[in-house]
file target03.cif (mmCIF, C-alpha atoms)
data_final
loop_
_atom_site.label_atom_id
_atom_site.label_comp_id
_atom_site.auth_asym_id
_atom_site.auth_seq_id
_atom_site.Cartn_x
_atom_site.Cartn_y
_atom_site.Cartn_z
CA MET A 1 -1.69 -8.05 15.65
CA THR A 2 -2.02 -4.81 13.80
CA GLN A 3 -1.27 -4.29 10.14
CA PHE A 4 1.21 -1.72 8.88
CA MET A 5 1.90 -0.20 5.48
CA ASP A 6 5.34 1.26 4.94
CA VAL A 7 6.78 3.20 2.06
CA HIS A 8 10.28 3.21 0.58
CA THR A 9 11.56 5.75 -1.92
CA GLY A 10 14.59 5.89 -4.17
CA MET A 11 14.29 2.37 -5.59
CA LYS A 12 14.13 3.43 -9.23
CA GLY A 13 14.85 0.61 -11.63
CA ILE A 14 14.19 -2.11 -9.07
CA THR A 15 13.69 -5.50 -10.73
CA ALA A 16 11.37 -8.35 -9.81
CA GLN A 17 14.38 -10.36 -8.64
CA GLN A 18 15.63 -7.53 -6.42
CA LEU A 19 12.19 -7.04 -4.88
CA ASN A 20 11.99 -10.75 -4.13
CA GLU A 21 15.48 -10.73 -2.61
CA GLU A 22 14.67 -7.76 -0.38
CA HIS A 23 11.38 -9.33 0.70
CA ALA A 24 13.25 -12.55 1.50
CA LYS A 25 15.65 -10.55 3.71
CA ASP A 26 12.65 -9.25 5.67
CA LEU A 27 11.36 -12.77 6.18
CA ALA A 28 14.83 -13.92 7.25
CA ASN A 29 15.03 -11.12 9.83
CA GLU A 30 11.57 -11.48 11.38
CA GLY A 31 12.93 -13.87 14.01
CA LYS A 32 11.03 -13.67 17.26
CA SER A 33 9.89 -10.08 16.66
CA GLY A 34 6.31 -11.09 16.02
CA VAL A 35 6.50 -9.18 12.72
CA HIS A 36 5.52 -10.79 9.45
CA PHE A 37 5.98 -9.12 6.09
CA ILE A 38 2.96 -10.16 4.04
CA LYS A 39 3.38 -8.47 0.67
CA ALA A 40 5.38 -5.85 -1.22
CA TRP A 41 4.55 -3.82 -4.34
CA ALA A 42 7.09 -1.85 -6.37
CA ASP A 43 6.99 0.88 -8.99
CA PRO A 44 10.35 0.81 -10.81
CA ASN A 45 9.55 4.08 -12.59
CA THR A 46 9.19 6.26 -9.50
CA GLY A 47 11.20 4.06 -7.13
CA LYS A 48 8.36 3.70 -4.63
CA VAL A 49 7.95 0.42 -2.75
CA PHE A 50 5.00 -0.37 -0.44
CA CYS A 51 5.22 -3.15 2.15
CA LEU A 52 2.30 -4.62 4.07
CA SER A 53 3.14 -6.27 7.36
CA GLU A 54 1.58 -7.31 10.62
CA GLY A 55 3.22 -7.04 13.98
CA PRO A 56 3.06 -5.86 17.56
CA SER A 57 4.21 -2.27 16.92
CA LYS A 58 5.53 0.22 14.39
CA GLU A 59 8.90 0.07 16.13
CA ALA A 60 9.09 -3.71 15.64
CA VAL A 61 8.34 -3.32 11.92
CA ARG A 62 10.98 -0.60 11.62
CA GLU A 63 13.57 -2.80 13.32
CA VAL A 64 13.04 -5.78 11.00
CA HIS A 65 13.37 -3.55 7.93
CA ARG A 66 16.51 -1.98 9.42
CA ALA A 67 18.07 -5.37 10.13
CA ALA A 68 17.22 -6.43 6.56
CA GLY A 69 19.25 -3.50 5.26
CA HIS A 70 16.46 -1.31 3.89
CA ALA A 71 15.31 0.95 6.70
CA THR A 72 12.43 3.40 6.28
CA GLU A 73 10.88 5.90 8.65
CA GLU A 74 7.61 6.10 6.72
CA ILE A 75 5.48 3.46 8.45
CA TYR A 76 1.72 3.72 8.95
CA GLU A 77 -0.43 1.68 11.27
CA VAL A 78 -3.46 0.64 9.19
CA PRO A 79 -6.01 -0.90 11.55
CA LEU A 80 -8.85 -0.34 9.06
CA THR A 81 -9.23 -2.35 5.86
CA ALA A 82 -11.90 -2.68 3.19
CA GLY A 83 -12.27 -5.11 0.32
CA MET B 1 -4.06 -5.80 -16.21
CA THR B 2 -1.58 -3.88 -14.15
CA GLN B 3 -1.85 -3.23 -10.45
CA PHE B 4 -1.83 0.25 -8.94
CA MET B 5 -1.33 1.58 -5.43
CA ASP B 6 -2.73 4.99 -4.69
CA VAL B 7 -2.47 7.19 -1.66
CA HIS B 8 -4.97 9.57 -0.07
CA THR B 9 -4.14 12.09 2.64
CA GLY B 10 -6.24 14.18 4.97
CA MET B 11 -8.57 11.39 6.14
CA LYS B 12 -7.80 11.79 9.85
CA GLY B 13 -10.38 10.16 12.06
CA ILE B 14 -11.77 7.96 9.30
CA THR B 15 -13.85 5.11 10.71
CA ALA B 16 -14.20 1.53 9.54
CA GLN B 17 -17.71 2.31 8.32
CA GLN B 18 -16.55 5.33 6.34
CA LEU B 19 -13.73 3.35 4.74
CA ASN B 20 -16.19 0.65 3.72
CA GLU B 21 -18.58 3.24 2.32
CA GLU B 22 -15.83 4.91 0.27
CA HIS B 23 -14.61 1.56 -1.01
CA ALA B 24 -18.18 0.66 -1.97
CA LYS B 25 -18.39 3.91 -3.97
CA ASP B 26 -15.31 2.83 -5.92
CA LEU B 27 -16.87 -0.52 -6.69
CA ALA B 28 -20.11 1.19 -7.74
CA ASN B 29 -18.20 3.47 -10.13
CA GLU B 30 -15.98 0.87 -11.80
CA GLY B 31 -18.55 0.33 -14.55
CA LYS B 32 -16.98 -0.65 -17.84
CA SER B 33 -13.66 1.04 -17.02
CA GLY B 34 -11.85 -2.26 -16.54
CA VAL B 35 -10.73 -0.99 -13.14
CA HIS B 36 -11.28 -3.04 -10.00
CA PHE B 37 -10.50 -1.77 -6.52
CA ILE B 38 -9.17 -4.77 -4.63
CA LYS B 39 -8.37 -3.51 -1.15
CA ALA B 40 -7.97 -0.39 0.97
CA TRP B 41 -6.05 0.25 4.19
CA ALA B 42 -6.49 3.30 6.43
CA ASP B 43 -4.57 4.97 9.22
CA PRO B 44 -7.04 7.18 11.12
CA ASN B 45 -4.21 8.78 13.11
CA THR B 46 -2.33 10.26 10.15
CA GLY B 47 -5.23 10.30 7.71
CA LYS B 48 -3.42 8.21 5.10
CA VAL B 49 -5.39 5.73 2.99
CA PHE B 50 -3.81 3.27 0.55
CA CYS B 51 -5.85 1.64 -2.22
CA LEU B 52 -4.78 -1.34 -4.31
CA SER B 53 -6.45 -1.69 -7.68
CA GLU B 54 -6.01 -3.30 -11.04
CA GLY B 55 -6.86 -1.72 -14.33
CA PRO B 56 -5.82 -0.77 -17.83
CA SER B 57 -4.11 2.53 -16.91
CA LYS B 58 -3.35 5.04 -14.18
CA GLU B 59 -5.78 7.44 -15.83
CA ALA B 60 -8.61 4.89 -15.60
CA VAL B 61 -7.91 4.37 -11.89
CA ARG B 62 -7.85 8.14 -11.32
CA GLU B 63 -11.19 8.54 -13.09
CA VAL B 64 -13.00 5.90 -10.98
CA HIS B 65 -11.73 7.50 -7.77
CA ARG B 66 -12.79 10.93 -9.08
CA ALA B 67 -16.28 9.69 -9.96
CA ALA B 68 -16.53 8.12 -6.50
CA GLY B 69 -15.91 11.52 -4.94
CA HIS B 70 -12.43 11.00 -3.50
CA ALA B 71 -9.95 11.96 -6.19
CA THR B 72 -6.20 11.60 -5.69
CA GLU B 73 -3.27 12.43 -7.92
CA GLU B 74 -0.87 10.13 -6.09
CA ILE B 75 -1.18 6.89 -8.04
CA TYR B 76 1.67 4.44 -8.63
CA GLU B 77 1.80 1.64 -11.15
CA VAL B 78 3.14 -1.37 -9.23
CA PRO B 79 3.92 -4.11 -11.76
CA LEU B 80 6.25 -5.89 -9.31
CA THR B 81 5.02 -7.80 -6.26
CA ALA B 82 6.61 -10.10 -3.70
CA GLY B 83 5.07 -12.25 -1.00
#
call {"tool": "encode", "arguments": {"input": "target03.cif", "output": "structure tokens"}}
result
Amino acid sequence: MTQFMDVHTGMKGITAQQLNEEHAKDLANEGKSGVHFIKAWADPNTGKVFCLSEGPSKEAVREVHRAAGHATEEIYEVPLTAG
Amino acid sequence: MTQFMDVHTGMKGITAQQLNEEHAKDLANEGKSGVHFIKAWADPNTGKVFCLSEGPSKEAVREVHRAAGHATEEIYEVPLTAG
């Protein structure tokens, strides 16, 4: 399993409840994809949201996000980690 | 303490060892800033690196990265997390 970091824009004003609801939609749509959304971080001021996931491919990550109703094309494979 | 996610570009071909060395430089430069760099993720193919930190301000995070020799201006305050 590889890890992926994806980026959403345009979420200005997002609340903690909304972030939790969107993350829950990802979890509900993982199904048999092999994708798991681990964590999400949001900046309500700029509208940026970062999601960390693991899965078999970038395409699989993209598809789960799409099915959850918040598609993004900005997905990076991040095989290297520190810390 | 607030959490921050920052983004570096132009690190194509970065290796695991290099990422660890750069992260170690952050840790060595935290000093009394109140900043702590928690984790970093890198995509050698696109050259993107994401760093998660906690600290008193965006400016304090920027300064530790600058002192460590890998400044970035793309720093987001991420007070909201899920997962």
call {"tool": "closest_residue", "arguments": {"input": "target03.cif", "among": "A:Phe4, A:Glu73, A:Pro79, A:Ala42", "to": "Gln17 of chain A", "atoms": "only C-alpha atoms"}}
result
A:Ala42
call {"tool": "resolve_selection", "arguments": {"input": "target03.cif", "expression": "the PyMOL selection byres ((chain B) within 10 of (chain A))", "output": "VMD selection string"}}
result
chain B and resid 3 to 5 14 to 24 27 37 to 52 76 to 83
call {"tool": "atom_distance", "arguments": {"input": "target03.cif", "atom1": "atom CA of His36 of chain B", "atom2": "atom CA of Ile75 of chain B"}}
result
14.3 Å
call {"tool": "atom_distance", "arguments": {"input": "target03.cif", "atom1": "atom CA of Val64 of chain B", "atom2": "atom CA of Gly13 of chain B"}}
result
23.6 Å
call {"tool": "resolve_selection", "arguments": {"input": "target03.cif", "expression": "the PyMOL selection byres ((chain B and resi 34) around 8)", "output": "PyMOL selection string"}}
result
chain B and resi 30-33+35-36+55-56+60
call {"tool": "atom_distance", "arguments": {"input": "target03.cif", "atom1": "atom CA of Gly69 of chain B", "atom2": "atom CA of Ala28 of chain B"}}
result
11.5 Å
call {"tool": "residues_around", "arguments": {"input": "target03.cif", "residues": "His65 of chain A", "least_positions_apart": "6", "cutoff": "9 Å", "atoms": "all atoms listed in the file", "output": "list in words"}}
result
Lys25, Asp26, Asn29, Glu30, Ala71 and Thr72 of chain A
call {"tool": "build_atoms", "arguments": {"input": "target03.cif", "residues": "segment 20-40 of chain B", "atoms": "N, CA and C atoms", "output": "PDB file, in the coordinates of the input"}}
result
ATOM      1  N   ASN B  20     -15.365   1.591   4.493  1.00  0.00           N
ATOM      2  CA  ASN B  20     -16.190   0.650   3.720  1.00  0.00           C
ATOM      3  C   ASN B  20     -17.118   1.359   2.760  1.00  0.00           C
ATOM      4  N   GLU B  21     -17.680   2.475   3.196  1.00  0.00           N
ATOM      5  CA  GLU B  21     -18.580   3.240   2.320  1.00  0.00           C
ATOM      6  C   GLU B  21     -17.834   3.802   1.119  1.00  0.00           C
ATOM      7  N   GLU B  22     -16.618   4.340   1.371  1.00  0.00           N
ATOM      8  CA  GLU B  22     -15.830   4.910   0.270  1.00  0.00           C
ATOM      9  C   GLU B  22     -15.397   3.812  -0.703  1.00  0.00           C
ATOM     10  N   HIS B  23     -15.008   2.676  -0.152  1.00  0.00           N
ATOM     11  CA  HIS B  23     -14.610   1.560  -1.010  1.00  0.00           C
ATOM     12  C   HIS B  23     -15.807   1.088  -1.856  1.00  0.00           C
ATOM     13  N   ALA B  24     -16.975   1.059  -1.234  1.00  0.00           N
ATOM     14  CA  ALA B  24     -18.180   0.660  -1.970  1.00  0.00           C
ATOM     15  C   ALA B  24     -18.487   1.629  -3.104  1.00  0.00           C
ATOM     16  N   LYS B  25     -18.188   2.921  -2.888  1.00  0.00           N
ATOM     17  CA  LYS B  25     -18.390   3.910  -3.970  1.00  0.00           C
ATOM     18  C   LYS B  25     -17.459   3.623  -5.139  1.00  0.00           C
ATOM     19  N   ASP B  26     -16.225   3.216  -4.834  1.00  0.00           N
ATOM     20  CA  ASP B  26     -15.310   2.830  -5.920  1.00  0.00           C
ATOM     21  C   ASP B  26     -15.899   1.677  -6.718  1.00  0.00           C
ATOM     22  N   LEU B  27     -16.331   0.660  -6.015  1.00  0.00           N
ATOM     23  CA  LEU B  27     -16.870  -0.520  -6.690  1.00  0.00           C
ATOM     24  C   LEU B  27     -18.074  -0.136  -7.558  1.00  0.00           C
ATOM     25  N   ALA B  28     -18.896   0.770  -7.020  1.00  0.00           N
ATOM     26  CA  ALA B  28     -20.110   1.190  -7.740  1.00  0.00           C
ATOM     27  C   ALA B  28     -19.777   2.014  -8.980  1.00  0.00           C
ATOM     28  N   ASN B  29     -18.586   2.606  -9.015  1.00  0.00           N
ATOM     29  CA  ASN B  29     -18.200   3.470 -10.130  1.00  0.00           C
ATOM     30  C   ASN B  29     -17.235   2.820 -11.119  1.00  0.00           C
ATOM     31  N   GLU B  30     -16.923   1.534 -10.899  1.00  0.00           N
ATOM     32  CA  GLU B  30     -15.980   0.870 -11.800  1.00  0.00           C
ATOM     33  C   GLU B  30     -16.572   0.726 -13.203  1.00  0.00           C
ATOM     34  N   GLY B  31     -17.854   0.424 -13.269  1.00  0.00           N
ATOM     35  CA  GLY B  31     -18.550   0.330 -14.550  1.00  0.00           C
ATOM     36  C   GLY B  31     -17.801  -0.501 -15.564  1.00  0.00           C
ATOM     37  N   LYS B  32     -17.666   0.058 -16.754  1.00  0.00           N
ATOM     38  CA  LYS B  32     -16.980  -0.650 -17.840  1.00  0.00           C
ATOM     39  C   LYS B  32     -15.548  -0.165 -17.995  1.00  0.00           C
ATOM     40  N   SER B  33     -15.001   0.459 -16.940  1.00  0.00           N
ATOM     41  CA  SER B  33     -13.660   1.040 -17.020  1.00  0.00           C
ATOM     42  C   SER B  33     -12.561  -0.014 -17.090  1.00  0.00           C
ATOM     43  N   GLY B  34     -12.885  -1.234 -16.638  1.00  0.00           N
ATOM     44  CA  GLY B  34     -11.850  -2.260 -16.540  1.00  0.00           C
ATOM     45  C   GLY B  34     -11.052  -2.166 -15.261  1.00  0.00           C
ATOM     46  N   VAL B  35     -11.401  -1.177 -14.430  1.00  0.00           N
ATOM     47  CA  VAL B  35     -10.730  -0.990 -13.140  1.00  0.00           C
ATOM     48  C   VAL B  35     -11.445  -1.805 -12.070  1.00  0.00           C
ATOM     49  N   HIS B  36     -10.673  -2.410 -11.181  1.00  0.00           N
ATOM     50  CA  HIS B  36     -11.280  -3.040 -10.000  1.00  0.00           C
ATOM     51  C   HIS B  36     -10.468  -2.664  -8.767  1.00  0.00           C
ATOM     52  N   PHE B  37     -11.154  -2.101  -7.783  1.00  0.00           N
ATOM     53  CA  PHE B  37     -10.500  -1.770  -6.520  1.00  0.00           C
ATOM     54  C   PHE B  37     -10.525  -2.996  -5.622  1.00  0.00           C
ATOM     55  N   ILE B  38      -9.330  -3.481  -5.313  1.00  0.00           N
ATOM     56  CA  ILE B  38      -9.170  -4.770  -4.630  1.00  0.00           C
ATOM     57  C   ILE B  38      -9.230  -4.605  -3.119  1.00  0.00           C
ATOM     58  N   LYS B  39      -8.515  -3.621  -2.607  1.00  0.00           N
ATOM     59  CA  LYS B  39      -8.370  -3.510  -1.150  1.00  0.00           C
ATOM     60  C   LYS B  39      -8.001  -2.081  -0.767  1.00  0.00           C
ATOM     61  N   ALA B  40      -8.359  -1.698   0.441  1.00  0.00           N
ATOM     62  CA  ALA B  40      -7.970  -0.390   0.970  1.00  0.00           C
ATOM     63  C   ALA B  40      -7.556  -0.535   2.420  1.00  0.00           C
TER      64      ALA B  40
END
